[in-house]
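The file query_6.cif contains mmCIF, C-alpha atoms; chains and numbers go by the auth columns:
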```
data_protein
loop_
_atom_site.group_PDB
_atom_site.id
_atom_site.type_symbol
_atom_site.label_atom_id
_atom_site.label_comp_id
_atom_site.label_asym_id
_atom_site.label_seq_id
_atom_site.Cartn_x
_atom_site.Cartn_y
_atom_site.Cartn_z
_atom_site.B_iso_or_equiv
_atom_site.auth_seq_id
_atom_site.auth_asym_id
ATOM 1 C CA MET A 1 0.000 0.000 0.000 0.00 5 D
ATOM 2 C CA PHE A 2 2.719 2.445 0.957 0.00 6 D
ATOM 3 C CA ARG A 3 6.342 2.496 -0.040 0.00 7 D
ATOM 4 C CA GLN A 4 8.554 1.310 2.797 0.00 8 D
ATOM 5 C CA HIS A 5 11.749 3.162 3.648 0.00 9 D
ATOM 6 C CA SER A 6 14.736 2.528 5.880 0.00 10 D
ATOM 7 C CA VAL A 7 14.969 4.698 8.957 0.00 11 D
ATOM 8 C CA LYS A 8 18.622 3.805 9.316 0.00 12 D
ATOM 9 C CA ARG A 9 19.318 5.392 5.953 0.00 13 D
ATOM 10 C CA LEU A 10 17.155 8.379 6.967 0.00 14 D
ATOM 11 C CA LEU A 11 15.631 8.867 3.556 0.00 15 D
ATOM 12 C CA PRO A 12 13.697 12.106 3.155 0.00 16 D
ATOM 13 C CA CYS A 13 10.823 10.001 1.734 0.00 17 D
ATOM 14 C CA LEU A 14 7.934 11.790 0.145 0.00 18 D
ATOM 15 C CA SER A 15 5.554 12.070 3.089 0.00 19 D
ATOM 16 C CA SER A 16 2.561 10.304 4.449 0.00 20 D
ATOM 17 C CA LEU A 17 0.380 11.921 1.823 0.00 21 D
ATOM 18 C CA ALA A 18 1.060 8.524 0.270 0.00 22 D
ATOM 19 C CA LEU A 19 -1.415 7.222 -2.294 0.00 23 D
ATOM 20 C CA PHE A 20 -3.506 10.327 -1.708 0.00 24 D
ATOM 21 C CA TRP A 21 -0.900 12.340 -3.578 0.00 25 D
ATOM 22 C CA LEU A 22 -0.706 9.619 -6.218 0.00 26 D
ATOM 23 C CA MET A 23 -4.423 10.110 -6.700 0.00 27 D
ATOM 24 C CA VAL A 24 -3.738 13.756 -7.474 0.00 28 D
ATOM 25 C CA GLN A 25 -0.501 12.830 -9.276 0.00 29 D
ATOM 26 C CA LEU A 26 1.916 13.786 -6.555 0.00 30 D
ATOM 27 C CA PRO A 27 4.587 11.649 -4.800 0.00 31 D
ATOM 28 C CA VAL A 28 4.588 10.367 -1.170 0.00 32 D
ATOM 29 C CA CYS A 29 6.110 8.419 1.847 0.00 33 D
ATOM 30 C CA HIS A 30 4.695 6.234 4.540 0.00 34 D
ATOM 31 C CA CYS A 31 5.300 2.886 6.178 0.00 35 D
ATOM 32 C CA GLN A 32 2.466 0.540 6.932 0.00 36 D
ATOM 33 C CA PRO A 33 2.140 0.346 10.743 0.00 37 D
ATOM 34 C CA LEU A 34 2.099 -3.018 12.464 0.00 38 D
ATOM 35 C CA ALA A 35 -1.283 -4.172 13.738 0.00 39 D
ATOM 36 C CA GLN A 36 -1.296 -2.990 17.345 0.00 40 D
ATOM 37 C CA ASN A 37 -3.387 -0.610 19.369 0.00 41 D
ATOM 38 C CA LEU A 38 -2.068 2.905 19.752 0.00 42 D
ATOM 39 C CA THR A 39 -0.539 3.687 23.118 0.00 43 D
ATOM 40 C CA ALA A 40 -2.395 6.192 25.289 0.00 44 D
ATOM 41 C CA THR A 41 0.501 8.644 25.512 0.00 45 D
ATOM 42 C CA LEU A 42 3.285 9.867 23.261 0.00 46 D
ATOM 43 C CA PRO A 43 6.150 8.818 25.591 0.00 47 D
ATOM 44 C CA GLU A 44 4.757 5.273 25.500 0.00 48 D
ATOM 45 C CA MET A 45 4.484 5.359 21.705 0.00 49 D
ATOM 46 C CA VAL A 46 8.059 6.606 21.256 0.00 50 D
ATOM 47 C CA LYS A 47 9.270 3.752 23.468 0.00 51 D
ATOM 48 C CA ALA A 48 7.130 1.290 21.493 0.00 52 D
ATOM 49 C CA ILE A 49 8.705 2.521 18.256 0.00 53 D
ATOM 50 C CA ASP A 50 12.151 2.135 19.817 0.00 54 D
ATOM 51 C CA ARG A 51 11.250 -1.483 20.628 0.00 55 D
ATOM 52 C CA ASN A 52 10.147 -2.018 16.996 0.00 56 D
ATOM 53 C CA ASN A 53 6.557 -2.623 18.062 0.00 57 D
ATOM 54 C CA PHE A 54 5.620 -0.008 15.479 0.00 58 D
ATOM 55 C CA ASN A 55 7.436 1.017 12.315 0.00 59 D
ATOM 56 C CA ASN A 56 9.527 4.137 12.641 0.00 60 D
ATOM 57 C CA ASN A 57 8.127 6.357 9.894 0.00 61 D
ATOM 58 C CA PHE A 58 10.507 9.254 10.491 0.00 62 D
ATOM 59 C CA CYS A 59 10.698 11.282 7.296 0.00 63 D
ATOM 60 C CA TRP A 60 10.895 14.948 6.441 0.00 64 D
ATOM 61 C CA GLY A 61 9.081 15.070 3.125 0.00 65 D
ATOM 62 C CA GLU A 62 10.331 16.938 0.087 0.00 66 D
ATOM 63 C CA GLY A 63 10.374 20.576 -0.906 0.00 67 D
ATOM 64 C CA LEU A 64 10.103 21.981 2.615 0.00 68 D
ATOM 65 C CA SER A 65 13.723 23.054 3.108 0.00 69 D
ATOM 66 C CA LYS A 66 15.043 26.053 1.220 0.00 70 D
ATOM 67 C CA GLY A 67 18.014 24.171 -0.183 0.00 71 D
ATOM 68 C CA ALA A 68 18.178 20.653 -1.521 0.00 72 D
ATOM 69 C CA ASN A 69 17.807 19.256 1.980 0.00 73 D
ATOM 70 C CA TRP A 70 17.922 20.126 5.661 0.00 74 D
ATOM 71 C CA LYS A 71 21.469 20.491 6.957 0.00 75 D
ATOM 72 C CA THR A 72 20.892 19.319 10.529 0.00 76 D
ATOM 73 C CA MET A 73 18.893 16.652 12.321 0.00 77 D
ATOM 74 C CA TRP A 74 16.949 19.460 14.013 0.00 78 D
ATOM 75 C CA GLY A 75 15.972 20.727 10.592 0.00 79 D
ATOM 76 C CA LYS A 76 14.879 17.231 9.635 0.00 80 D
ATOM 77 C CA VAL A 77 12.731 16.998 12.763 0.00 81 D
ATOM 78 C CA ALA A 78 11.119 20.336 11.837 0.00 82 D
ATOM 79 C CA GLY A 79 10.648 19.012 8.309 0.00 83 D
ATOM 80 C CA CYS A 80 9.053 15.859 9.691 0.00 84 D
ATOM 81 C CA LEU A 81 6.578 17.952 11.675 0.00 85 D
ATOM 82 C CA LEU A 82 5.810 20.179 8.688 0.00 86 D
ATOM 83 C CA ASP A 83 5.310 17.102 6.541 0.00 87 D
ATOM 84 C CA LYS A 84 2.605 15.916 8.940 0.00 88 D
ATOM 85 C CA SER A 85 1.097 19.407 8.955 0.00 89 D
ATOM 86 C CA GLU A 86 0.745 19.233 5.201 0.00 90 D
ATOM 87 C CA ILE A 87 -0.987 15.865 5.473 0.00 91 D
ATOM 88 C CA ILE A 88 -3.516 17.412 7.849 0.00 92 D
ATOM 89 C CA ALA A 89 -4.004 20.460 5.636 0.00 93 D
ATOM 90 C CA MET A 90 -4.686 18.323 2.580 0.00 94 D
ATOM 91 C CA GLN A 91 -7.108 15.956 4.348 0.00 95 D
ATOM 92 C CA TRP A 92 -8.543 18.017 7.198 0.00 96 D
ATOM 93 C CA ASP A 93 -12.113 17.108 6.154 0.00 97 D
ATOM 94 C CA VAL A 94 -11.479 13.351 5.997 0.00 98 D
ATOM 95 C CA ALA A 95 -14.180 12.794 8.658 0.00 99 D
ATOM 96 C CA ASP A 96 -17.014 13.810 6.335 0.00 100 D
ATOM 97 C CA ASN A 97 -15.385 12.366 3.210 0.00 101 D
ATOM 98 C CA SER A 98 -15.284 15.753 1.508 0.00 102 D
ATOM 99 C CA SER A 99 -11.781 15.143 0.152 0.00 103 D
ATOM 100 C CA GLU A 100 -10.182 12.200 -1.614 0.00 104 D
ATOM 101 C CA SER A 101 -8.466 9.886 0.850 0.00 105 D
ATOM 102 C CA ILE A 102 -7.063 6.400 0.747 0.00 106 D
ATOM 103 C CA ASP A 103 -7.891 5.930 4.427 0.00 107 D
ATOM 104 C CA SER A 104 -11.032 5.768 6.486 0.00 108 D
ATOM 105 C CA PRO A 105 -11.054 8.486 9.158 0.00 109 D
ATOM 106 C CA THR A 106 -10.018 5.963 11.827 0.00 110 D
ATOM 107 C CA SER A 107 -7.089 4.682 9.756 0.00 111 D
ATOM 108 C CA PHE A 108 -6.073 8.220 8.894 0.00 112 D
ATOM 109 C CA TYR A 109 -5.933 9.248 12.564 0.00 113 D
ATOM 110 C CA ARG A 110 -4.044 6.080 13.503 0.00 114 D
ATOM 111 C CA ASN A 111 -1.435 6.385 10.757 0.00 115 D
ATOM 112 C CA LEU A 112 -0.964 10.079 11.459 0.00 116 D
ATOM 113 C CA ALA A 113 -0.469 9.413 15.186 0.00 117 D
ATOM 114 C CA ILE A 114 2.282 6.873 14.454 0.00 118 D
ATOM 115 C CA ASP A 115 3.925 9.124 11.871 0.00 119 D
ATOM 116 C CA LEU A 116 3.824 12.096 14.213 0.00 120 D
ATOM 117 C CA ALA A 117 5.307 10.056 17.068 0.00 121 D
ATOM 118 C CA SER A 118 8.109 8.992 14.724 0.00 122 D
ATOM 119 C CA CYS A 119 9.126 12.634 14.396 0.00 123 D
ATOM 120 C CA CYS A 120 10.038 12.579 18.096 0.00 124 D
ATOM 121 C CA THR A 121 12.333 9.544 17.920 0.00 125 D
ATOM 122 C CA MET A 122 15.363 11.359 16.509 0.00 126 D
ATOM 123 C CA SER A 123 17.838 14.008 17.721 0.00 127 D
ATOM 124 C CA ASP A 124 18.738 15.290 21.170 0.00 128 D
ATOM 125 C CA ARG A 125 15.446 17.237 21.196 0.00 129 D
ATOM 126 C CA ARG A 126 13.423 14.064 21.785 0.00 130 D
ATOM 127 C CA ASP A 127 12.149 15.079 25.229 0.00 131 D
ATOM 128 C CA TRP A 128 11.250 18.558 23.964 0.00 132 D
ATOM 129 C CA CYS A 129 9.448 17.057 20.972 0.00 133 D
ATOM 130 C CA VAL A 130 7.483 14.655 23.154 0.00 134 D
ATOM 131 C CA ARG A 131 6.435 17.493 25.449 0.00 135 D
ATOM 132 C CA GLU A 132 5.369 19.804 22.619 0.00 136 D
ATOM 133 C CA ILE A 133 3.620 17.184 20.490 0.00 137 D
ATOM 134 C CA SER A 134 1.883 15.197 23.263 0.00 138 D
ATOM 135 C CA PRO A 135 -1.366 17.244 23.105 0.00 139 D
ATOM 136 C CA ALA A 136 -1.615 16.613 19.356 0.00 140 D
ATOM 137 C CA TYR A 137 -0.871 12.906 19.722 0.00 141 D
ATOM 138 C CA GLU A 138 -3.432 12.426 22.484 0.00 142 D
ATOM 139 C CA LEU A 139 -6.097 14.169 20.412 0.00 143 D
ATOM 140 C CA LEU A 140 -5.369 11.799 17.525 0.00 144 D
ATOM 141 C CA VAL A 141 -5.674 8.803 19.845 0.00 145 D
ATOM 142 C CA ALA A 142 -9.059 10.075 21.041 0.00 146 D
ATOM 143 C CA LEU A 143 -10.212 10.547 17.439 0.00 147 D
ATOM 144 C CA GLU A 144 -8.971 7.095 16.445 0.00 148 D
ATOM 145 C CA GLN A 145 -10.866 5.473 19.308 0.00 149 D
ATOM 146 C CA GLU A 146 -14.230 6.993 18.411 0.00 150 D
ATOM 147 C CA GLU A 147 -16.620 4.142 17.679 0.00 151 D
ATOM 148 C CA GLU A 148 -18.316 6.199 15.000 0.00 152 D
ATOM 149 C CA VAL A 149 -17.990 9.710 13.686 0.00 153 D
ATOM 150 C CA ASP A 150 -21.191 11.556 14.556 0.00 154 D
ATOM 151 C CA ASP A 151 -19.800 15.079 14.773 0.00 155 D
ATOM 152 C CA PHE A 152 -17.757 15.898 11.685 0.00 156 D
ATOM 153 C CA GLU A 153 -17.270 19.508 12.678 0.00 157 D
ATOM 154 C CA ALA A 154 -15.803 18.559 16.061 0.00 158 D
ATOM 155 C CA ASP A 155 -13.317 16.186 14.406 0.00 159 D
ATOM 156 C CA GLU A 156 -12.320 18.868 11.927 0.00 160 D
ATOM 157 C CA ALA A 157 -11.846 21.394 14.723 0.00 161 D
ATOM 158 C CA ASP A 158 -9.626 18.878 16.529 0.00 162 D
ATOM 159 C CA LEU A 159 -7.510 18.403 13.399 0.00 163 D
ATOM 160 C CA ALA A 160 -7.122 22.177 13.139 0.00 164 D
ATOM 161 C CA SER A 161 -5.941 22.248 16.756 0.00 165 D
ATOM 162 C CA ILE A 162 -3.478 19.428 16.047 0.00 166 D
ATOM 163 C CA PHE A 163 -2.199 21.327 13.013 0.00 167 D
ATOM 164 C CA ALA A 164 -1.642 24.426 15.156 0.00 168 D
ATOM 165 C CA THR A 165 0.306 22.466 17.774 0.00 169 D
ATOM 166 C CA VAL A 166 2.532 20.764 15.207 0.00 170 D
ATOM 167 C CA THR A 167 3.313 23.841 13.117 0.00 171 D
ATOM 168 C CA LYS A 168 4.072 25.868 16.236 0.00 172 D
ATOM 169 C CA ALA A 169 6.648 23.250 17.315 0.00 173 D
ATOM 170 C CA ALA A 170 8.189 23.205 13.828 0.00 174 D
ATOM 171 C CA ALA A 171 8.402 27.007 13.810 0.00 175 D
ATOM 172 C CA GLN A 172 10.159 26.999 17.162 0.00 176 D
ATOM 173 C CA LEU A 173 12.792 24.544 15.956 0.00 177 D
ATOM 174 C CA LEU A 174 13.407 26.476 12.750 0.00 178 D
ATOM 175 C CA GLU A 175 13.787 29.710 14.682 0.00 179 D
ATOM 176 C CA GLU A 176 16.198 28.214 17.203 0.00 180 D
ATOM 177 C CA TYR A 177 18.399 26.659 14.525 0.00 181 D
ATOM 178 C CA SER A 178 18.060 29.344 11.857 0.00 182 D
ATOM 179 C CA GLU A 179 21.818 29.919 11.762 0.00 183 D
ATOM 180 C CA GLN A 180 22.480 26.272 10.963 0.00 184 D
ATOM 181 C CA GLU A 181 19.817 26.035 8.270 0.00 185 D
ATOM 182 C CA ASP A 182 19.288 27.996 5.060 0.00 186 D
ATOM 183 C CA GLY A 183 15.688 28.757 5.895 0.00 187 D
ATOM 184 C CA TYR A 184 12.681 26.986 4.435 0.00 188 D
ATOM 185 C CA SER A 185 10.719 26.827 1.210 0.00 189 D
ATOM 186 C CA SER A 186 7.695 28.870 0.195 0.00 190 D
ATOM 187 C CA ARG A 187 5.561 25.777 0.735 0.00 191 D
ATOM 188 C CA ALA A 188 6.804 25.476 4.309 0.00 192 D
ATOM 189 C CA ALA A 189 6.094 29.190 4.759 0.00 193 D
ATOM 190 C CA LEU A 190 2.470 28.626 3.755 0.00 194 D
ATOM 191 C CA LEU A 191 2.113 25.938 6.410 0.00 195 D
ATOM 192 C CA LEU A 192 3.882 27.978 9.087 0.00 196 D
ATOM 193 C CA GLY A 193 1.768 31.053 8.358 0.00 197 D
ATOM 194 C CA THR A 194 -1.610 29.319 8.446 0.00 198 D
ATOM 195 C CA CYS A 195 -2.585 29.853 12.080 0.00 199 D
ATOM 196 C CA ALA A 196 -3.111 33.085 13.967 0.00 200 D
ATOM 197 C CA ILE A 197 -0.793 33.868 16.886 0.00 201 D
ATOM 198 C CA GLY A 198 -2.269 35.749 19.821 0.00 202 D
ATOM 199 C CA SER A 199 -1.542 36.381 23.489 0.00 203 D
ATOM 200 C CA GLY A 200 -1.824 33.782 26.201 0.00 204 D
ATOM 201 C CA GLY A 201 -0.298 30.348 26.652 0.00 205 D
ATOM 202 C CA ALA A 202 2.584 29.246 28.849 0.00 206 D
ATOM 203 C CA ASP A 203 5.212 30.858 26.630 0.00 207 D
ATOM 204 C CA GLY A 204 3.293 34.081 26.078 0.00 208 D
ATOM 205 C CA SER A 205 1.700 33.066 22.800 0.00 209 D
ATOM 206 C CA LEU A 206 -1.220 30.894 21.814 0.00 210 D
ATOM 207 C CA THR A 207 -1.514 29.586 18.265 0.00 211 D
ATOM 208 C CA THR A 208 -5.050 28.925 17.066 0.00 212 D
ATOM 209 C CA CYS A 209 -6.322 27.396 13.859 0.00 213 D
ATOM 210 C CA PHE A 210 -9.744 26.647 12.441 0.00 214 D
ATOM 211 C CA PRO A 211 -10.956 24.328 9.663 0.00 215 D
ATOM 212 C CA GLU A 212 -11.414 27.298 7.346 0.00 216 D
ATOM 213 C CA ASP A 213 -7.709 28.106 7.814 0.00 217 D
ATOM 214 C CA LEU A 214 -6.831 24.586 6.685 0.00 218 D
ATOM 215 C CA GLU A 215 -9.106 24.870 3.655 0.00 219 D
ATOM 216 C CA ARG A 216 -7.422 28.146 2.729 0.00 220 D
ATOM 217 C CA VAL A 217 -3.907 26.729 2.963 0.00 221 D
ATOM 218 C CA ARG A 218 -4.968 23.592 1.083 0.00 222 D
ATOM 219 C CA ARG A 219 -6.093 25.722 -1.834 0.00 223 D
ATOM 220 C CA LEU A 220 -2.835 27.669 -1.734 0.00 224 D
ATOM 221 C CA LEU A 221 -0.771 24.476 -1.655 0.00 225 D
ATOM 222 C CA GLU A 222 -2.734 23.009 -4.552 0.00 226 D
ATOM 223 C CA ALA A 223 -2.300 26.205 -6.562 0.00 227 D
ATOM 224 C CA GLN A 224 1.429 26.216 -5.862 0.00 228 D
ATOM 225 C CA ARG A 225 1.768 22.633 -7.029 0.00 229 D
ATOM 226 C CA ASP A 226 -0.226 23.369 -10.188 0.00 230 D
ATOM 227 C CA GLU A 227 2.364 26.012 -11.067 0.00 231 D
ATOM 228 C CA LEU A 228 5.257 23.534 -10.905 0.00 232 D
#
```
Represent the structure from my file as structure tokens, please.
Amino acid sequence: MFRQHSVKRLLPCLSSLALFWLMVQLPVCHCQPLAQNLTATLPEMVKAIDRNNFNNNFCWGEGLSKGANWKTMWGKVAGCLLDKSEIIAMQWDVADNSSESIDSPTSFYRNLAIDLASCCTMSDRRDWCVREISPAYELLVALEQEEEVDDFEADEADLASIFATVTKAAAQLLEEYSEQEDGYSSRAALLLGTCAIGSGGADGSLTTCFPEDLERVRRLLEAQRDEL
């Protein structure tokens, strides 16, 4: 179903947009997860991946760095997070089947949770990544465990919240390691600029996103790809 890749070789892969992008004639990356229940928390999932109970789907997509590739592992972690943000942006309405998807909503949430956890398995920023991404992971677990989707709008709002959490973490990494990296691509800039930043939050800022923000950035991403 999805092209497998070797984590040891740390291939950039083409992102978990997988066959979805093939359906719209774009490339992708994803490893098929082993058949196990998701762990309740992100620290548990990272440990499970370390034990090879789940495939490590760490990959940083393509076309998100400014140069040919990220120069540092921190850049690759940011790229991995942005890659998952793009997946969410392109399929944010998967719950009501408004967009083409190769996955059912439950499978989509499950695969995304594993892929997102994989982003936290590399580099010396593992503990930071786990702390920042835990709210997003736990929301995905809750979505995956829904017996049936009876509130599409609530699911879509949750995906927007997950997107905000993930892009905020990616932005923080890219800012901290800006001197080691060459910056990021215009596509990455679209993802990073999707959500509004206001006051509040533990660090003095609170990033918020809504489904309409994801629809807007999806259209921009599609338009950008059409120009290539």
> Which value, in Å to one decimal, gives the distance between atom CA of Glu157 of chain D and atom CA of Arg114 of chain D?
Replying inline: 18.9 Å
>> Can you tell me which residues surround segment 222-229 of chain D at a distance of at most 8 Å, considering all atoms listed in the file, apart from same-chain residues fewer than 4 positions away, and format the answer as a list in words?
In response: Ala93, Met94, Arg191, Leu194 and Leu218 of chain D
Taking only C-alpha atoms into account, produce a table as JSON lines in which each residue of segment 149-230 of chain D with an atom at most 12 Å from an atom of segment 56-78 of chain D appears once, together with its shortest atom pair and the distance in Å to one decimal, ordered by chain and rising number.
```
{"residue": "D:Ala173", "atom": "CA", "partner": "D:Trp78", "partner_atom": "CA", "distance": 11.5}
{"residue": "D:Ala174", "atom": "CA", "partner": "D:Trp78", "partner_atom": "CA", "distance": 9.5}
{"residue": "D:Ala175", "atom": "CA", "partner": "D:Trp78", "partner_atom": "CA", "distance": 11.4}
{"residue": "D:Gln176", "atom": "CA", "partner": "D:Trp78", "partner_atom": "CA", "distance": 10.6}
{"residue": "D:Leu177", "atom": "CA", "partner": "D:Trp78", "partner_atom": "CA", "distance": 6.8}
{"residue": "D:Leu178", "atom": "CA", "partner": "D:Trp78", "partner_atom": "CA", "distance": 8.0}
{"residue": "D:Glu179", "atom": "CA", "partner": "D:Trp78", "partner_atom": "CA", "distance": 10.7}
{"residue": "D:Glu180", "atom": "CA", "partner": "D:Trp78", "partner_atom": "CA", "distance": 9.3}
{"residue": "D:Tyr181", "atom": "CA", "partner": "D:Trp78", "partner_atom": "CA", "distance": 7.4}
{"residue": "D:Ser182", "atom": "CA", "partner": "D:Trp78", "partner_atom": "CA", "distance": 10.2}
{"residue": "D:Glu183", "atom": "CA", "partner": "D:Lys75", "partner_atom": "CA", "distance": 10.6}
{"residue": "D:Gln184", "atom": "CA", "partner": "D:Lys75", "partner_atom": "CA", "distance": 7.1}
{"residue": "D:Glu185", "atom": "CA", "partner": "D:Lys75", "partner_atom": "CA", "distance": 5.9}
{"residue": "D:Asp186", "atom": "CA", "partner": "D:Lys70", "partner_atom": "CA", "distance": 6.0}
{"residue": "D:Gly187", "atom": "CA", "partner": "D:Lys70", "partner_atom": "CA", "distance": 5.4}
{"residue": "D:Tyr188", "atom": "CA", "partner": "D:Lys70", "partner_atom": "CA", "distance": 4.1}
{"residue": "D:Ser189", "atom": "CA", "partner": "D:Lys70", "partner_atom": "CA", "distance": 4.4}
{"residue": "D:Ser190", "atom": "CA", "partner": "D:Leu68", "partner_atom": "CA", "distance": 7.7}
{"residue": "D:Arg191", "atom": "CA", "partner": "D:Leu68", "partner_atom": "CA", "distance": 6.2}
{"residue": "D:Ala192", "atom": "CA", "partner": "D:Leu68", "partner_atom": "CA", "distance": 5.1}
{"residue": "D:Ala193", "atom": "CA", "partner": "D:Leu68", "partner_atom": "CA", "distance": 8.5}
{"residue": "D:Leu194", "atom": "CA", "partner": "D:Leu68", "partner_atom": "CA", "distance": 10.2}
{"residue": "D:Leu195", "atom": "CA", "partner": "D:Leu68", "partner_atom": "CA", "distance": 9.7}
{"residue": "D:Leu196", "atom": "CA", "partner": "D:Leu68", "partner_atom": "CA", "distance": 10.8}
{"residue": "D:Leu225", "atom": "CA", "partner": "D:Gly67", "partner_atom": "CA", "distance": 11.8}
{"residue": "D:Gln228", "atom": "CA", "partner": "D:Gly67", "partner_atom": "CA", "distance": 11.7}
{"residue": "D:Arg229", "atom": "CA", "partner": "D:Gly67", "partner_atom": "CA", "distance": 10.8}
```
>> Which residues would end up in the selection if the PyMOL selection byres ((chain D and resi 116) around 9) were applied here, given that I need the answer as an NGL selection string?
In response: :D and (20 or 88 or 91-92 or 111-115 or 117-121 or 141 or 144)
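Here the question is which of D:Pro215, D:Gly83, D:Pro109, D:Pro47 gets nearest to Ala164 of chain D using only C-alpha atoms, and that residue is D:Pro215.
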>> Counting all atoms listed in the file, which residues sit no farther than 10 Å from the position (0.1, 23.6, 16.6) in the file's frame? I'd like them as number ranges by chain.
In response: D: 85, 89, 136-137, 139-140, 163-175, 196, 199, 210-213
> Which residue out of D:Thr110, D:Gln40, D:Met49, D:Val98 has the minimum interatomic distance to Gln149 of chain D when all atoms listed in the file are used?
Replying inline: D:Thr110
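Distance-wise, atom CA of Ser122 of chain D and atom CA of Ile53 of chain D end up 7.4 Å apart.
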>> One number please: atom CA of Asp131 of chain D to atom CA of Ala146 of chain D, in Å, one decimal.
In response: 22.2 Å
Find the smallest box with edges along x, y and z containing every listed atom of segment 40-47 of chain D, then add 5 Å on each side and report centre and edge lengths in Å to one decimal, as AutoDock Vina command-line options.
```
--center_x 1.4 --center_y 3.4 --center_z 21.5 --size_x 19.5 --size_y 22.9 --size_z 18.2
```
>> Which residue is closest to Arg220 of chain D? Choose from D:Lys51, D:Gly197, D:Ala82, D:Leu42 and count only C-alpha atoms.
In response: D:Gly197
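In terms of minimum interatomic distance to Arg129 of chain D, D:Val81 ranks closest within D:Thr43, D:Gln95, D:Val81, D:Asp159, counting all atoms listed in the file.
Nearest-residue note for Val50 of chain D: choosing from D:Ser108, D:Cys133, D:Asp97, D:Gly79, the minimum distance belongs to D:Cys133, counting all atoms listed in the file.
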Generate N, CA and C atoms for segment 46-61 of chain D and emit them as a short mmCIF file (atom, residue, chain, number, x, y, z; two decimals), in the frame of the given file.
```cif
data_model
loop_
_atom_site.label_atom_id
_atom_site.label_comp_id
_atom_site.auth_asym_id
_atom_site.auth_seq_id
_atom_site.Cartn_x
_atom_site.Cartn_y
_atom_site.Cartn_z
N LEU D 46 2.17 9.77 24.20
CA LEU D 46 3.28 9.87 23.26
C LEU D 46 4.58 9.25 23.82
N PRO D 47 4.94 9.48 25.08
CA PRO D 47 6.15 8.82 25.59
C PRO D 47 6.10 7.30 25.44
N GLU D 48 4.91 6.72 25.67
CA GLU D 48 4.76 5.27 25.50
C GLU D 48 4.92 4.87 24.05
N MET D 49 4.38 5.68 23.13
CA MET D 49 4.48 5.36 21.70
C MET D 49 5.92 5.45 21.22
N VAL D 50 6.66 6.47 21.66
CA VAL D 50 8.06 6.61 21.26
C VAL D 50 8.86 5.40 21.73
N LYS D 51 8.59 4.95 22.95
CA LYS D 51 9.27 3.75 23.47
C LYS D 51 8.87 2.52 22.67
N ALA D 52 7.60 2.43 22.29
CA ALA D 52 7.13 1.29 21.49
C ALA D 52 7.80 1.27 20.12
N ILE D 53 8.00 2.44 19.54
CA ILE D 53 8.70 2.52 18.26
C ILE D 53 10.16 2.10 18.43
N ASP D 54 10.77 2.53 19.53
CA ASP D 54 12.15 2.13 19.82
C ASP D 54 12.28 0.62 19.94
N ARG D 55 11.23 -0.02 20.46
CA ARG D 55 11.25 -1.48 20.63
C ARG D 55 10.83 -2.20 19.36
N ASN D 56 10.59 -1.45 18.28
CA ASN D 56 10.15 -2.02 17.00
C ASN D 56 8.76 -2.64 17.07
N ASN D 57 7.95 -2.19 18.03
CA ASN D 57 6.56 -2.62 18.06
C ASN D 57 5.73 -1.91 17.00
N PHE D 58 6.22 -0.76 16.58
CA PHE D 58 5.62 -0.01 15.48
C PHE D 58 6.75 0.40 14.54
N ASN D 59 6.44 0.54 13.26
CA ASN D 59 7.44 1.02 12.32
C ASN D 59 7.81 2.45 12.64
N ASN D 60 9.09 2.76 12.49
CA ASN D 60 9.53 4.14 12.64
C ASN D 60 9.40 4.81 11.29
N ASN D 61 8.42 5.69 11.17
CA ASN D 61 8.13 6.36 9.89
C ASN D 61 8.74 7.75 9.82
#
```
